[in-house]
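See below for start_19.txt, which holds compact mmCIF, C-alpha atoms and all ligand atoms.
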# COMPACT_ATOMS: atom_id res chain seq x y z
CA MET A 1 -10.65 29.91 -6.11
CA SER A 2 -13.55 31.94 -4.90
CA ASP A 3 -15.56 31.83 -8.11
CA TYR A 4 -17.33 28.59 -7.20
CA GLN A 5 -21.10 28.83 -7.20
CA LEU A 6 -23.92 26.94 -5.61
CA GLY A 7 -26.53 25.07 -7.65
CA LEU A 8 -26.67 22.29 -10.20
CA GLU A 9 -26.32 24.63 -13.16
CA TYR A 10 -22.84 25.63 -12.10
CA ALA A 11 -21.78 21.97 -11.83
CA GLN A 12 -23.19 21.27 -15.27
CA SER A 13 -21.45 24.23 -16.86
CA GLU A 14 -18.13 23.26 -15.23
CA ASP A 15 -18.47 19.73 -16.60
CA LYS A 16 -19.09 21.19 -20.04
CA ALA A 17 -16.04 23.43 -19.81
CA ASP A 18 -13.81 20.65 -18.40
CA LYS A 19 -11.33 19.52 -21.06
CA LEU A 20 -10.82 16.19 -19.28
CA SER A 21 -14.52 15.37 -18.89
CA SER A 22 -14.51 12.94 -21.83
CA TYR A 23 -12.08 10.63 -20.00
CA ARG A 24 -14.97 9.51 -17.79
CA ASN A 25 -16.23 7.59 -20.83
CA GLN A 26 -12.99 5.62 -20.90
CA PHE A 27 -13.86 3.99 -17.56
CA HIS A 28 -16.47 1.51 -16.43
CA ILE A 29 -18.61 3.38 -13.89
CA PRO A 30 -20.35 1.00 -11.43
CA LYS A 31 -24.17 1.13 -11.53
CA ASP A 32 -27.00 0.46 -9.10
CA GLU A 33 -29.59 -2.25 -9.68
CA ALA A 34 -31.76 0.10 -11.73
CA GLY A 35 -28.81 0.78 -14.03
CA ASN A 36 -28.02 4.30 -12.77
CA GLU A 37 -24.37 5.25 -12.44
CA LEU A 38 -23.21 5.39 -8.85
CA ILE A 39 -21.30 8.35 -7.46
CA TYR A 40 -17.96 6.64 -7.00
CA PHE A 41 -15.72 8.42 -4.50
CA THR A 42 -13.43 5.54 -3.56
CA GLY A 43 -10.78 5.78 -6.24
CA ASN A 44 -8.41 6.16 -3.27
CA SER A 45 -9.19 2.56 -2.35
CA LEU A 46 -9.80 0.82 -5.67
CA GLY A 47 -9.59 2.84 -8.87
CA LEU A 48 -12.11 2.14 -11.62
CA GLN A 49 -11.40 -0.08 -14.59
CA PRO A 50 -10.34 1.56 -17.86
CA LYS A 51 -12.31 0.16 -20.79
CA THR A 52 -9.00 -0.63 -22.51
CA THR A 53 -7.87 -2.98 -19.72
CA GLN A 54 -9.74 -5.94 -21.17
CA SER A 55 -8.14 -5.73 -24.61
CA HIS A 56 -4.68 -5.33 -23.07
CA ILE A 57 -5.15 -8.49 -21.01
CA ASN A 58 -6.76 -10.33 -23.92
CA GLN A 59 -3.72 -9.60 -26.06
CA GLU A 60 -1.51 -11.46 -23.58
CA LEU A 61 -3.99 -14.34 -23.24
CA LYS A 62 -4.05 -14.64 -27.00
CA ASP A 63 -0.26 -14.61 -27.31
CA TRP A 64 0.00 -17.20 -24.56
CA ALA A 65 -2.60 -19.40 -26.29
CA GLU A 66 -0.95 -19.11 -29.69
CA LEU A 67 2.73 -18.97 -28.78
CA GLY A 68 3.16 -20.72 -25.47
CA VAL A 69 6.68 -20.22 -24.15
CA GLU A 70 7.73 -18.42 -27.36
CA GLY A 71 5.68 -15.48 -26.09
CA HIS A 72 8.62 -14.50 -23.90
CA THR A 73 10.32 -13.22 -27.03
CA GLU A 74 7.68 -13.39 -29.80
CA ALA A 75 4.55 -11.89 -28.18
CA LYS A 76 3.36 -8.55 -29.53
CA ASN A 77 4.83 -7.11 -26.35
CA PRO A 78 7.55 -9.67 -25.53
CA TRP A 79 7.11 -10.75 -21.91
CA LEU A 80 10.82 -10.76 -21.16
CA HIS A 81 10.87 -6.99 -21.47
CA TYR A 82 7.27 -6.20 -20.61
CA HIS A 83 8.10 -4.24 -17.45
CA GLU A 84 10.22 -1.87 -19.52
CA LEU A 85 7.05 -0.71 -21.29
CA LEU A 86 5.84 0.66 -17.96
CA THR A 87 8.97 2.32 -16.65
CA GLU A 88 8.96 5.67 -18.40
CA ASN A 89 5.26 6.38 -17.86
CA MET A 90 5.50 5.34 -14.24
CA ALA A 91 8.61 7.47 -13.75
CA ASN A 92 6.75 10.50 -15.14
CA ILE A 93 3.82 9.93 -12.80
CA VAL A 94 5.97 9.89 -9.66
CA GLY A 95 8.55 12.43 -10.84
CA ALA A 96 11.52 10.11 -11.12
CA LYS A 97 14.17 9.07 -13.64
CA PRO A 98 13.56 5.77 -15.43
CA ILE A 99 16.57 4.16 -13.74
CA GLU A 100 14.91 4.89 -10.38
CA VAL A 101 11.61 3.11 -11.02
CA ILE A 102 10.47 -0.49 -11.24
CA VAL A 103 7.07 -2.20 -11.21
CA MET A 104 7.31 -5.40 -9.17
CA ASN A 105 5.79 -7.43 -6.33
CA THR A 106 3.13 -5.87 -4.14
CA LEU A 107 3.32 -2.83 -1.91
CA THR A 108 4.03 -4.32 1.50
CA ALA A 109 6.45 -6.81 -0.03
CA ASN A 110 8.35 -3.93 -1.65
CA LEU A 111 8.41 -2.10 1.66
CA HIS A 112 10.12 -5.10 3.25
CA PHE A 113 12.62 -5.48 0.41
CA MET A 114 13.47 -1.78 0.67
CA MET A 115 14.01 -2.12 4.41
CA VAL A 116 16.39 -5.01 3.77
CA SER A 117 18.56 -2.50 1.91
CA PHE A 118 17.87 0.74 3.73
CA TYR A 119 17.25 -0.20 7.33
CA LYS A 120 20.67 -1.09 8.72
CA PRO A 121 20.40 -0.80 12.49
CA THR A 122 23.49 -0.54 14.68
CA LYS A 123 23.75 -0.75 18.48
CA THR A 124 23.17 2.97 18.88
CA LYS A 125 21.32 3.94 15.70
CA TYR A 126 18.40 1.57 15.27
CA LYS A 127 15.10 3.41 15.66
CA ILE A 128 12.46 3.77 12.95
CA LEU A 129 10.37 6.92 12.80
CA ILE A 130 6.87 6.66 11.33
CA GLU A 131 3.75 8.82 11.43
CA ALA A 132 1.47 8.00 14.37
CA ASP A 133 -1.50 7.03 12.23
CA ALA A 134 0.44 5.13 9.59
CA PHE A 135 -1.46 2.61 7.47
CA PRO A 136 -1.65 -0.61 9.52
CA SER A 137 0.27 -2.71 6.98
CA ASP A 138 3.20 -0.28 7.13
CA LYS A 139 3.21 -0.27 10.91
CA PHE A 140 3.09 -4.07 11.05
CA ALA A 141 5.87 -4.33 8.48
CA VAL A 142 8.08 -1.96 10.43
CA GLU A 143 7.42 -3.72 13.75
CA SER A 144 8.31 -7.07 12.20
CA GLN A 145 11.55 -5.62 10.81
CA LEU A 146 12.47 -4.41 14.28
CA ARG A 147 11.75 -7.87 15.72
CA HIS A 148 13.70 -9.45 12.87
CA HIS A 149 16.75 -7.50 14.00
CA GLY A 150 16.15 -8.45 17.63
CA ILE A 151 15.02 -4.97 18.63
CA ASP A 152 12.17 -4.40 21.05
CA GLU A 153 9.43 -2.75 19.00
CA LYS A 154 8.40 -0.35 21.79
CA ASP A 155 11.96 0.87 22.08
CA GLY A 156 12.59 0.84 18.35
CA LEU A 157 9.55 2.71 17.11
CA ILE A 158 9.15 6.49 17.29
CA LEU A 159 5.77 7.98 16.39
CA TRP A 160 5.28 11.40 14.85
CA LYS A 161 2.01 12.35 16.51
CA PRO A 162 -0.42 15.17 15.85
CA ARG A 163 -1.09 17.38 18.87
CA LYS A 164 -4.16 16.90 20.98
CA GLY A 165 -7.26 18.32 19.30
CA SER A 166 -5.79 18.09 15.81
CA GLU A 167 -5.46 15.28 13.28
CA LEU A 168 -2.62 16.80 11.27
CA ALA A 169 1.06 16.28 11.89
CA ARG A 170 3.29 19.36 12.28
CA TYR A 171 6.83 19.84 11.01
CA ASP A 172 8.01 21.63 14.15
CA ASP A 173 7.07 18.50 16.09
CA LEU A 174 9.08 16.40 13.65
CA GLU A 175 12.05 18.72 14.13
CA ALA A 176 11.69 18.35 17.88
CA ILE A 177 11.78 14.55 17.55
CA PHE A 178 15.02 14.72 15.53
CA ASP A 179 16.41 17.19 18.02
CA LEU A 180 15.94 14.60 20.76
CA TYR A 181 16.52 11.29 18.99
CA GLY A 182 18.17 12.20 15.68
CA ASP A 183 21.36 10.25 16.34
CA GLN A 184 19.33 7.09 17.10
CA ILE A 185 17.01 7.17 14.09
CA ALA A 186 18.17 4.79 11.35
CA LEU A 187 15.11 5.02 9.12
CA THR A 188 12.35 7.56 8.58
CA LEU A 189 9.32 6.09 6.88
CA ILE A 190 6.34 8.33 6.19
CA GLY A 191 3.21 7.94 4.08
CA GLY A 192 3.55 10.56 1.30
CA ILE A 193 -0.14 11.28 1.78
CA ASN A 194 -1.66 10.05 5.01
CA TYR A 195 -4.42 7.59 4.14
CA TYR A 196 -6.73 8.83 6.91
CA THR A 197 -6.42 12.61 6.89
CA GLY A 198 -5.36 13.09 3.27
CA GLN A 199 -2.46 15.28 4.45
CA PHE A 200 0.18 15.52 1.71
CA PHE A 201 3.56 15.89 3.35
CA ASP A 202 6.44 18.00 2.13
CA LEU A 203 8.61 15.10 1.05
CA LYS A 204 11.69 17.18 0.35
CA ARG A 205 11.51 18.89 3.71
CA ILE A 206 11.18 15.59 5.56
CA ALA A 207 13.96 13.96 3.53
CA SER A 208 16.36 16.88 4.09
CA LEU A 209 15.69 16.90 7.81
CA ALA A 210 16.14 13.13 8.16
CA HIS A 211 19.28 13.11 6.01
CA PHE A 212 20.78 15.86 8.14
CA TYR A 213 20.67 13.33 10.99
CA ASP A 214 22.00 10.52 8.75
CA SER A 215 18.71 8.67 8.70
CA MET A 216 17.63 6.82 5.58
CA VAL A 217 14.31 8.04 4.18
CA GLY A 218 11.46 6.14 2.57
CA PHE A 219 7.97 7.19 1.56
CA ASP A 220 4.90 5.05 1.12
CA CYS A 221 3.14 6.78 -1.72
CA ALA A 222 0.11 4.49 -2.03
CA HIS A 223 -2.17 7.52 -1.70
CA GLY A 224 0.06 9.81 -3.70
CA ALA A 225 0.89 8.00 -6.94
CA GLY A 226 -1.42 9.21 -9.70
CA ASN A 227 -3.00 11.69 -7.28
CA VAL A 228 -0.40 14.41 -6.68
CA LYS A 229 2.98 15.43 -8.07
CA LEU A 230 5.41 13.54 -5.85
CA ASN A 231 8.68 14.67 -7.47
CA LEU A 232 10.39 11.69 -5.89
CA HIS A 233 13.79 12.32 -7.46
CA ASP A 234 13.94 15.92 -6.26
CA SER A 235 12.65 14.95 -2.83
CA GLY A 236 15.96 13.17 -2.30
CA ALA A 237 14.27 10.17 -0.65
CA ASP A 238 16.29 6.97 -0.65
CA PHE A 239 13.32 4.85 -1.61
CA ALA A 240 9.57 4.93 -2.12
CA VAL A 241 6.87 2.32 -2.65
CA TRP A 242 3.27 2.52 -3.88
CA CYS A 243 0.49 0.34 -5.20
CA THR A 244 -1.22 0.59 -8.58
CA TYR A 245 -4.79 -0.35 -7.65
CA LYS A 246 -5.75 2.94 -5.99
CA TYR A 247 -5.32 6.08 -8.12
CA LEU A 248 -3.48 4.13 -10.79
CA ASN A 249 -6.55 2.05 -11.72
CA SER A 250 -4.73 -1.20 -12.42
CA GLY A 251 -7.05 -3.65 -10.69
CA PRO A 252 -7.34 -5.35 -7.29
CA GLY A 253 -4.01 -6.58 -5.94
CA SER A 254 -2.14 -5.53 -9.06
CA LEU A 255 1.64 -5.17 -9.01
CA ALA A 256 3.22 -2.30 -7.13
CA GLY A 257 5.76 0.41 -7.86
CA CYS A 258 9.13 1.00 -6.29
CA PHE A 259 11.60 3.90 -6.42
CA VAL A 260 15.26 3.78 -5.49
CA HIS A 261 17.13 7.06 -5.76
CA GLU A 262 19.73 7.31 -8.51
CA ARG A 263 22.49 7.78 -5.94
CA HIS A 264 22.08 4.09 -5.05
CA ALA A 265 21.78 2.85 -8.65
CA HIS A 266 25.31 1.50 -8.97
CA ASN A 267 26.05 0.66 -5.37
CA ARG A 268 26.79 -3.06 -5.32
CA GLU A 269 27.69 -2.94 -1.64
CA LEU A 270 24.11 -2.26 -0.59
CA ASN A 271 22.68 -5.37 1.01
CA ARG A 272 19.60 -6.79 -0.69
CA PHE A 273 17.59 -9.91 -1.35
CA THR A 274 18.03 -11.04 -4.92
CA GLY A 275 16.73 -13.49 -7.51
CA TRP A 276 17.39 -14.22 -11.16
CA TRP A 277 15.54 -11.06 -12.18
CA SER A 278 18.05 -8.90 -10.27
CA HIS A 279 20.78 -10.40 -12.43
CA ASN A 280 22.28 -9.05 -15.67
CA LYS A 281 19.47 -9.19 -18.27
CA GLU A 282 21.75 -10.10 -21.15
CA LYS A 283 23.12 -13.14 -19.36
CA ARG A 284 20.05 -14.20 -17.39
CA PHE A 285 19.60 -17.41 -19.30
CA ASP A 286 23.25 -18.46 -19.22
CA MET A 287 22.15 -20.21 -16.08
CA ARG A 288 25.57 -20.96 -14.60
CA ASP A 289 27.15 -17.51 -14.31
CA GLU A 290 28.11 -15.77 -11.10
CA PHE A 291 25.58 -13.20 -9.92
CA ASP A 292 25.92 -9.89 -11.76
CA GLN A 293 23.81 -7.15 -10.17
CA LEU A 294 21.56 -5.11 -12.51
CA PRO A 295 21.99 -1.37 -11.94
CA GLY A 296 19.10 0.85 -10.83
CA ALA A 297 15.72 -0.06 -9.35
CA GLU A 298 15.48 -3.02 -11.72
CA GLY A 299 18.19 -4.67 -9.66
CA TRP A 300 15.72 -5.19 -6.81
CA GLN A 301 13.46 -7.48 -8.89
CA LEU A 302 13.36 -11.12 -7.89
CA SER A 303 11.02 -13.04 -10.16
CA ASN A 304 9.71 -12.97 -13.66
CA PRO A 305 6.58 -10.84 -13.22
CA PRO A 306 2.87 -11.61 -13.81
CA ILE A 307 2.22 -10.30 -17.31
CA LEU A 308 -1.59 -10.17 -16.97
CA SER A 309 -1.23 -7.72 -14.10
CA MET A 310 1.31 -5.69 -16.06
CA ALA A 311 -1.07 -5.55 -19.02
CA ALA A 312 -3.68 -3.91 -16.78
CA ILE A 313 -1.08 -1.45 -15.54
CA LYS A 314 -0.05 -0.62 -19.10
CA ALA A 315 -3.66 0.13 -20.09
CA SER A 316 -3.95 2.59 -17.24
CA LEU A 317 -0.53 4.23 -17.55
CA ASP A 318 -1.18 4.91 -21.24
CA ILE A 319 -4.11 7.10 -20.17
CA PHE A 320 -1.96 8.96 -17.65
CA ALA A 321 0.71 9.48 -20.30
CA GLU A 322 -1.83 10.97 -22.69
CA ILE A 323 -3.05 13.53 -20.14
CA GLY A 324 0.05 14.16 -18.03
CA MET A 325 0.11 14.84 -14.30
CA ASP A 326 0.09 18.64 -14.75
CA LYS A 327 -3.36 18.75 -16.30
CA LEU A 328 -4.67 16.06 -14.01
CA VAL A 329 -3.56 17.89 -10.88
CA GLU A 330 -4.91 21.17 -12.22
CA LYS A 331 -8.39 19.67 -12.54
CA SER A 332 -8.02 17.80 -9.26
CA LYS A 333 -7.35 21.00 -7.32
CA LYS A 334 -10.36 22.68 -8.85
CA LEU A 335 -12.70 19.72 -8.34
CA THR A 336 -11.68 19.13 -4.73
CA GLY A 337 -11.83 22.87 -4.05
CA TYR A 338 -15.41 22.82 -5.31
CA PHE A 339 -16.19 19.87 -3.04
CA GLU A 340 -14.74 21.78 -0.08
CA PHE A 341 -16.71 24.90 -1.05
CA LEU A 342 -20.02 23.02 -1.10
CA LEU A 343 -19.29 21.27 2.21
CA ASN A 344 -18.44 24.57 3.87
CA LYS A 345 -21.63 26.12 2.48
CA LEU A 346 -23.66 23.51 4.34
CA ASN A 347 -22.87 25.60 7.43
CA ASN A 348 -23.29 22.50 9.53
CA SER A 349 -21.28 22.74 12.74
CA ASN A 350 -21.24 18.93 13.03
CA ILE A 351 -19.07 18.68 9.95
CA LYS A 352 -15.34 19.23 10.01
CA ILE A 353 -12.99 18.64 7.09
CA ILE A 354 -9.83 17.30 8.70
CA THR A 355 -7.83 17.34 5.44
CA PRO A 356 -5.63 20.46 5.10
CA SER A 357 -7.41 23.37 3.40
CA ASN A 358 -4.23 24.39 1.57
CA PRO A 359 -4.47 22.72 -1.89
CA SER A 360 -0.73 22.06 -1.97
CA GLU A 361 -1.00 20.03 1.25
CA ARG A 362 -3.53 17.55 -0.05
CA GLY A 363 -4.55 15.49 -3.06
CA CYS A 364 -8.11 14.94 -4.19
CA GLN A 365 -9.33 13.21 -1.01
CA LEU A 366 -11.28 15.06 1.66
CA SER A 367 -11.76 13.36 5.02
CA ILE A 368 -14.96 14.60 6.59
CA GLN A 369 -15.43 14.19 10.31
CA VAL A 370 -19.09 14.11 11.31
CA LYS A 371 -19.80 14.72 14.98
CA ASN A 372 -22.07 12.17 16.66
CA ALA A 373 -22.23 10.11 13.48
CA ASP A 374 -21.83 6.38 13.27
CA LYS A 375 -21.66 3.90 10.46
CA THR A 376 -25.38 4.33 9.64
CA LEU A 377 -24.45 7.62 7.95
CA HIS A 378 -22.18 5.73 5.60
CA LYS A 379 -24.89 3.12 5.00
CA LYS A 380 -27.38 5.84 4.10
CA LEU A 381 -24.94 7.42 1.68
CA THR A 382 -24.38 4.05 0.03
CA LYS A 383 -28.13 3.51 -0.21
CA GLY A 384 -28.37 6.93 -1.81
CA GLY A 385 -25.91 5.88 -4.52
CA VAL A 386 -22.73 7.43 -3.10
CA ILE A 387 -19.81 5.03 -2.70
CA SER A 388 -17.57 6.48 0.00
CA ASP A 389 -15.32 5.04 2.66
CA TRP A 390 -16.01 4.98 6.39
CA ARG A 391 -13.20 5.07 8.94
CA GLU A 392 -13.91 4.63 12.63
CA PRO A 393 -14.76 6.49 14.69
CA ASP A 394 -16.47 9.19 12.64
CA VAL A 395 -14.79 9.96 9.33
CA ILE A 396 -16.03 9.63 5.75
CA ARG A 397 -13.27 9.66 3.18
CA CYS A 398 -14.25 10.87 -0.28
CA ALA A 399 -11.97 11.12 -3.27
CA PRO A 400 -13.30 12.92 -6.34
CA VAL A 401 -10.86 11.54 -8.90
CA PRO A 402 -10.15 13.96 -11.77
CA LEU A 403 -9.90 11.16 -14.34
CA TYR A 404 -13.50 10.01 -14.02
CA ASN A 405 -15.41 12.05 -11.44
CA SER A 406 -17.46 15.07 -12.49
CA TYR A 407 -18.57 18.32 -10.90
CA GLN A 408 -22.07 16.87 -10.95
CA ASP A 409 -20.86 13.86 -8.93
CA VAL A 410 -19.61 16.29 -6.30
CA TYR A 411 -22.80 18.33 -6.40
CA TYR A 412 -25.07 15.30 -5.94
CA MET A 413 -22.89 13.84 -3.21
CA VAL A 414 -23.14 16.98 -1.10
CA GLU A 415 -26.89 17.20 -1.73
CA LYS A 416 -27.26 13.60 -0.49
CA LEU A 417 -25.17 14.35 2.57
CA LYS A 418 -27.25 17.44 3.32
CA THR A 419 -30.51 15.49 3.09
CA ILE A 420 -29.22 12.72 5.36
CA LEU A 421 -27.84 15.14 7.97
CA ASN A 422 -31.09 17.14 8.07
CA ASP A 423 -33.21 14.01 8.48
C1 LIG A 501 -3.30 0.68 0.44
C2 LIG A 501 -2.12 0.73 1.29
C3 LIG A 501 -1.41 -0.44 1.63
C4 LIG A 501 -1.84 -1.80 1.19
O1 LIG A 501 -0.76 -2.67 1.07
P1 LIG A 501 -0.76 -3.93 0.08
O2 LIG A 501 0.54 -4.54 0.29
O3 LIG A 501 -0.97 -3.40 -1.31
O4 LIG A 501 -1.91 -4.81 0.48
C5 LIG A 501 -0.27 -0.29 2.43
N1 LIG A 501 0.14 0.92 2.85
C6 LIG A 501 -0.53 2.06 2.53
C7 LIG A 501 -0.04 3.38 3.01
C8 LIG A 501 -1.69 1.99 1.76
O5 LIG A 501 -2.35 3.10 1.47
Show the structure stored in the file as structure tokens.
Amino acid sequence: MSDYQLGLEYAQSEDKADKLSSYRNQFHIPKDEAGNELIYFTGNSLGLQPKTTQSHINQELKDWAELGVEGHTEAKNPWLHYHELLTENMANIVGAKPIEVIVMNTLTANLHFMMVSFYKPTKTKYKILIEADAFPSDKFAVESQLRHHGIDEKDGLILWKPRKGSELARYDDLEAIFDLYGDQIALTLIGGINYYTGQFFDLKRIASLAHFYDSMVGFDCAHGAGNVKLNLHDSGADFAVWCTYKYLNSGPGSLAGCFVHERHAHNRELNRFTGWWSHNKEKRFDMRDEFDQLPGAEGWQLSNPPILSMAAIKASLDIFAEIGMDKLVEKSKKLTGYFEFLLNKLNNSNIKIITPSNPSERGCQLSIQVKNADKTLHKKLTKGGVISDWREPDVIRCAPVPLYNSYQDVYYMVEKLKTILND
């Protein structure tokens, strides 16, 4: 994509030509005290609120007020089946079959529940392989699972580390790890997109490699869902988990997503933690029956879910369904490519983009390492109206989100950065 140009006029003309530009108006864009819209580049941390979220939640508040318990069956969207309204759209977003997807719990909780089923250590095969710079919650969850099984976490954990001088993980290093320890690795758990570098891993390649060594495979797709095409079914992964408050714009702490591959859908032998929501839907209220496992990802549910959170998810997923991931990713690649182009044109040797330059190895986020910088750089950006994310020691993470960010957002952000760096 070499036809990018410098200058504000180019950004303005691209916004005009952008068929998705009107979707920005469907979101609440945070403003500064003077009422000017901020440049919001942290959709990778907390996605913005769709304007339709409020009416979706109000509908459920109204039905609750007017119907009380009858809302379970009589609400406009009966609560008993509310999660089913989300399944197909969510499955399309992550590239899965409906039977493979469920919205439930929160991300780290889902990760634990998946490990109950898919981490089955034996005396000789008990190690868990994760990426070296995994998101802290994932690392803590994995370490606690090891301890739970009485395994020393130093012995049980294998880290896939980037080489010295680089931030990105390499597949030949992963192959070398399996070469050495393959017969001891019981579970491979990788972030689909690394939260720090923005590196989008080849899920299918990792899953095939791990499966060759009889390791179970899970992906944490918190930074991938709604950002890139994950093709979870085709990846062959055993399970995946993700949250809905980042790229899926469903509000702080909203319910999470979970994928269990179809090959496990009818396996009743698989160990799991269950509750009444994992039980046969038709007979759930015949309270005294023996447990009858629901097939598919639904069978991992425990509780009746929070409807207000699901209403927010529905509002957001409806927007994704209208656009489709193909068009979203097409714009995303162009917008992030433009961001990269402008950063490179700064010709500032203190700046290094650590995110892969190959568009198929990243989503919309660019992680910018700034030599000799400290947190004051981030403070100055914030003061200048750019909401970005600072990661110690020296990285700014910026995510131009195709749903609501514009070419002009990107243009102004880089102008601000240039001014601050030249100060
Ligand atoms: C955001 C994120 C989390 C957060 O976990 P919660 O359980 O939702 O608090 C965990 N893992 C990864 C990889 C994340 O990006």
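In this structure, atom O3 of ligand LIG 501 (chain A) sits 4.4 Å away from CA of Leu107 in chain A.
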Worksheet entry | Environment of ligand LIG 501 (chain A) within 7 Å, counting only C-alpha atoms and all ligand atoms, reported as a ChimeraX atom specification | /A:45,106-109,134-135,137-138,191,195,220-223,243,253
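The spacing separating CA of Asn422 in chain A from CA of Glu9 in chain A amounts to 23.0 Å.
Going from CA of Asp374 in chain A over to CA of Leu417 in chain A, you cover 13.8 Å.
Using all atoms listed in the file, the shortest contact distance between Phe113 in chain A and any of A:Glu269, A:Ile313, A:Gln408, A:Phe259 is found at A:Phe259.
Using all atoms listed in the file, the residues found no farther than 7 Å from range 298-310 of chain A, other than those of its own chain fewer than 4 positions away, are Ile57, Glu60, Trp79, Ile102, Met104, Ser254, Leu255, Thr274, Gly275, Trp276, Trp277, Ser278, His279, Gln293, Leu294 and Lys314 of chain A.
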Discussion item. When you count all atoms listed in the file, which of these residues is closest to Ser360 in chain A: A:Tyr171, A:Phe200, A:Tyr404, A:Phe118?
Written reply: A:Phe200
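Close contacts of range 121-128 of chain A, defined as residues with an atom at most 10 Å away when counting only C-alpha atoms, with chain neighbours fewer than 4 positions off set aside, comprise A:Val142, A:Glu143, A:Gln145, A:Leu146, A:His149, A:Ile151, A:Asp152, A:Glu153, A:Lys154, A:Asp155, A:Gly156, A:Leu157, A:Ile158, A:Leu159, A:Tyr181, A:Gly182, A:Asp183, A:Gln184, A:Ile185, A:Ala186, A:Leu187, A:Thr188, A:Leu189, A:Asp214, A:Ser215, A:Met216, A:Val217.
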Please put the answer as JSON: centre and edge lengths, in Å with one decimal, of a box along x, y and z that encloses all listed atoms of range 3-8 of chain A plus 6 Å on each side.
{"center_x": -21.1, "center_y": 27.1, "center_z": -7.9, "size_x": 23.1, "size_y": 21.5, "size_z": 16.6}
